[in-house]
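Comments concern the structure below.
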Amino acid sequence: MSQTDVLESKTERNHNLNLETLNINYDKLQGRGGAFLVTPIDQGRVFSREQFSDDHKMFEQTAIEFAENRILEVREELNVLNKELSLEIFKEIGELGFLSVDVPEEYGGLALDKTTSCIIVDALSAGRNASIVVTASAHSGIGMLPIIWYGNESQKKKYLPKLGSGEWMGCYALTESGAGSDALSGVCTAKLNDEGTHYLLNGTKIFVTNGGWADVSVTFASVNGKYTGFILDKECDGWVV
């Protein structure tokens, strides 16, 4: 059998695959790392711009206008790490509500769909500066979603309003020098203190998007051999960049 025959055979099997028989619970996959990479989807879960609602179009146009009128004009300055200007634009993005799309309304957010988040990130690229877009998307994505999905009530009340508005910046500290894609190989540890009131984290993280200026970090460490996430404030003793 030739390579072409093999490819055609695989294609035919994929076309004949009845996804309904797979009984996939997509809700349970939420937040499950890279599960989406190996999970089949049907046409009903593929979204195209022809399906944009009026709200989607409004957010897209607003983001494009902001990108062209604000980011594009200063993109060269952003490329040489003008920290003051970068933070200024980051806060302006927050003022437009672009950082709080996923945040529930009770914590000051817009509580909109993930499609809106994707549209905003794509539209902000009209400013032709990837760095500020990555800063904003990493903040509102991996920097905030762990708290939105898994934080307790007191944590959500403390962090989400200020993260959603852009007053605080968030980051996600997972990678270590010996643990990248194989995150569970990390050696950062967390131990409960003698009083049983706080966990003490010991370790170093690298390649943390927004890590150089974040106010809040979702940081991963091993507790008795099991990896878990902790919310750290930059005022914590031992936070060194």
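Residues in the structure tokens are numbered from 1 in each chain, the chains being A, B, ... in the order shown, and ligands are numbered from 1 in the order shown.
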
Using only C-alpha atoms, which protein or nucleic acid residues come within 10 Å of A:Met169? Drop anything in the same chain fewer than 3 positions from it, and give the result as a JSON list (two decimals) with C-alpha atoms, in the first residue's frame.
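What follows is the written file out34.json:
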[["chain", "number", "residue", "atom", "x", "y", "z"],
["A", 87, "LEU", "CA", 1.60, 50.02, 31.60],
["A", 90, "PHE", "CA", -2.35, 48.19, 29.46],
["A", 91, "LYS", "CA", -4.55, 50.15, 31.87],
["A", 135, "THR", "CA", 0.87, 41.16, 27.78],
["A", 136, "ALA", "CA", -2.88, 41.74, 27.79],
["A", 138, "ALA", "CA", -1.58, 36.41, 28.99],
["A", 139, "HIS", "CA", -2.93, 38.53, 31.82],
["A", 140, "SER", "CA", -6.61, 37.94, 31.03],
["A", 143, "GLY", "CA", -3.10, 35.03, 34.61],
["A", 144, "MET", "CA", -6.78, 35.27, 35.57],
["A", 162, "LYS", "CA", -8.45, 44.80, 40.22],
["A", 163, "LEU", "CA", -7.14, 42.31, 37.68],
["A", 164, "GLY", "CA", -10.16, 42.82, 35.46],
["A", 165, "SER", "CA", -9.81, 46.60, 35.50],
["A", 166, "GLY", "CA", -6.09, 46.54, 34.76],
["A", 210, "ASN", "CA", 4.46, 39.51, 32.56],
["A", 211, "GLY", "CA", 6.67, 38.20, 35.38],
["A", 213, "TRP", "CA", 6.06, 43.64, 36.34],
["A", 214, "ALA", "CA", 3.15, 41.51, 37.58],
["A", 215, "ASP", "CA", 1.34, 42.30, 40.81],
["A", 216, "VAL", "CA", -0.17, 38.83, 41.17],
["A", 217, "SER", "CA", 1.16, 35.44, 40.15]]

Nearby residues (only C-alpha atoms) at most 9 Å from A:Arg128, same-chain spacing under 3 positions excluded, as a PDB file with C-alpha atoms, in the first residue's frame:
ATOM      1  CA  ALA A  67      -5.224  49.590  18.198  1.00  0.00           C
ATOM      2  CA  GLU A  68      -4.912  51.838  15.156  1.00  0.00           C
ATOM      3  CA  ILE A  71      -1.053  51.331  19.850  1.00  0.00           C
ATOM      4  CA  LEU A  72       0.058  51.800  16.241  1.00  0.00           C
ATOM      5  CA  ARG A  75       4.542  50.738  18.577  1.00  0.00           C
ATOM      6  CA  LEU A 124      -5.780  44.471  18.908  1.00  0.00           C
ATOM      7  CA  SER A 125      -3.170  43.071  16.535  1.00  0.00           C
TER       8      SER A 125
END

Open item on the list: With distances taken over only C-alpha atoms, which residue among A:Val208, A:Val134, A:Leu112, A:Leu192 lies nearest A:Glu176?
Closed with: A:Val208

Open item on the list: Report as a PyMOL selection string all protein, DNA and RNA residues lying within 12 Å of A:Val80, evaluated on only C-alpha atoms, omitting residues in the same chain fewer than 4 positions from it.
Closed with: chain A and resi 74-76+84-86+129+131-132

For the residues selected in the previous step, produce a file with C-alpha atoms as an mmCIF file, in the first residue's frame.
data_model
loop_
_atom_site.group_PDB
_atom_site.id
_atom_site.type_symbol
_atom_site.label_atom_id
_atom_site.label_comp_id
_atom_site.auth_asym_id
_atom_site.auth_seq_id
_atom_site.Cartn_x
_atom_site.Cartn_y
_atom_site.Cartn_z
ATOM 1 C CA VAL A 74 3.653 54.274 19.636
ATOM 2 C CA ARG A 75 4.542 50.738 18.577
ATOM 3 C CA GLU A 76 8.238 51.551 18.091
ATOM 4 C CA GLU A 84 5.737 53.437 31.709
ATOM 5 C CA LEU A 85 4.040 53.673 28.317
ATOM 6 C CA SER A 86 3.332 49.934 28.226
ATOM 7 C CA ASN A 129 2.749 45.356 18.250
ATOM 8 C CA SER A 131 4.250 42.548 22.857
ATOM 9 C CA ILE A 132 1.388 44.607 24.288
#

Open item on the list: Give me, as a VMD selection string, all polymer residues having an atom no more than 9 Å from A:Ile142, counting only C-alpha atoms and skipping those fewer than 4 positions away in the same chain.
Closed with: chain A and resid 137 to 138 146 170 to 172 218

Open item on the list: Write out as an NGL selection string the set of residues from stretch 84-168 of chain A that DSSP, computed on the backbone, places in alpha helix (DSSP H).
Closed with: :A and (84-95 or 114-124 or 130-140 or 145-150 or 153-165)

Print the selection's residues with C-alpha atoms to a file, as a short mmCIF file (atom, residue, chain, number, x, y, z; two decimals), in the first residue's frame.
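So part.cif came out as:
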data_model
loop_
_atom_site.label_atom_id
_atom_site.label_comp_id
_atom_site.auth_asym_id
_atom_site.auth_seq_id
_atom_site.Cartn_x
_atom_site.Cartn_y
_atom_site.Cartn_z
CA GLU A 84 5.74 53.44 31.71
CA LEU A 85 4.04 53.67 28.32
CA SER A 86 3.33 49.93 28.23
CA LEU A 87 1.60 50.02 31.60
CA GLU A 88 -0.34 53.11 30.55
CA ILE A 89 -1.71 51.37 27.47
CA PHE A 90 -2.35 48.19 29.46
CA LYS A 91 -4.55 50.15 31.87
CA GLU A 92 -6.36 51.81 28.95
CA ILE A 93 -7.11 48.35 27.56
CA GLY A 94 -8.56 47.53 30.97
CA GLU A 95 -10.67 50.68 31.01
CA LYS A 114 -14.74 33.10 24.85
CA THR A 115 -15.41 34.10 21.25
CA THR A 116 -15.44 37.74 22.36
CA SER A 117 -12.06 37.27 24.03
CA CYS A 118 -10.59 35.84 20.83
CA ILE A 119 -12.07 38.62 18.71
CA ILE A 120 -10.56 41.30 20.95
CA VAL A 121 -7.08 39.77 20.91
CA ASP A 122 -7.20 39.40 17.13
CA ALA A 123 -8.45 42.96 16.64
CA LEU A 124 -5.78 44.47 18.91
CA ALA A 130 2.69 41.80 19.48
CA SER A 131 4.25 42.55 22.86
CA ILE A 132 1.39 44.61 24.29
CA VAL A 133 -1.18 42.15 22.90
CA VAL A 134 0.63 39.21 24.52
CA THR A 135 0.87 41.16 27.78
CA ALA A 136 -2.88 41.74 27.79
CA SER A 137 -3.90 38.27 26.61
CA ALA A 138 -1.58 36.41 28.99
CA HIS A 139 -2.93 38.53 31.82
CA SER A 140 -6.61 37.94 31.03
CA LEU A 145 -8.66 32.16 34.43
CA PRO A 146 -7.24 29.91 37.20
CA ILE A 147 -8.72 32.30 39.75
CA ILE A 148 -12.01 32.63 37.84
CA TRP A 149 -12.39 28.86 37.52
CA TYR A 150 -10.87 27.54 40.72
CA GLU A 153 -15.03 33.34 47.04
CA SER A 154 -12.62 35.45 49.08
CA GLN A 155 -9.91 35.09 46.44
CA LYS A 156 -12.26 36.11 43.65
CA LYS A 157 -13.43 39.16 45.59
CA LYS A 158 -9.87 40.22 46.36
CA TYR A 159 -8.24 39.72 42.98
CA LEU A 160 -10.72 39.75 40.11
CA PRO A 161 -11.97 43.36 40.32
CA LYS A 162 -8.45 44.80 40.22
CA LEU A 163 -7.14 42.31 37.68
CA GLY A 164 -10.16 42.82 35.46
CA SER A 165 -9.81 46.60 35.50
#

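Between atom CA of A:Tyr107 and atom CA of A:Asn69 lies a distance of 29.7 Å.
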
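Pairwise distance (atom CA of A:Ser53, atom CA of A:Val101) equals 15.5 Å.
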
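Compared by their closest atoms to A:Phe98, and using only C-alpha atoms, the residues A:Ala126, A:Ala63, A:Val241, A:Leu78 rank with A:Ala63 nearest.
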
- [ ] Based on DSSP run over this structure's backbone, return all residues of stretch 2-240 of chain A in strand (DSSP E or B), as a PyMOL selection string.
- [x] chain A and resi 170-173+176+179+189-192+199-202+216-223+226-233

- [ ] Report the distance between atom CA of A:Asn202 and atom CA of A:Thr189 in Å, rounded to one decimal place.
- [x] 5.4 Å

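Every protein or nucleic acid residue with an atom no more than 10 Å from A:Gly178, counting only C-alpha atoms and leaving out same-chain residues fewer than 3 positions away, appears here: Thr175, Ser181, Asp182, Ala183, Ser185, Gly186, Val187, Lys205 and Ile206 of chain A.
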
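Each of A:Glu77, A:Ile231, A:Gly196, A:Asn224 was compared to A:Gly151 using only C-alpha atoms, and A:Ile231 turns out to be the nearest.
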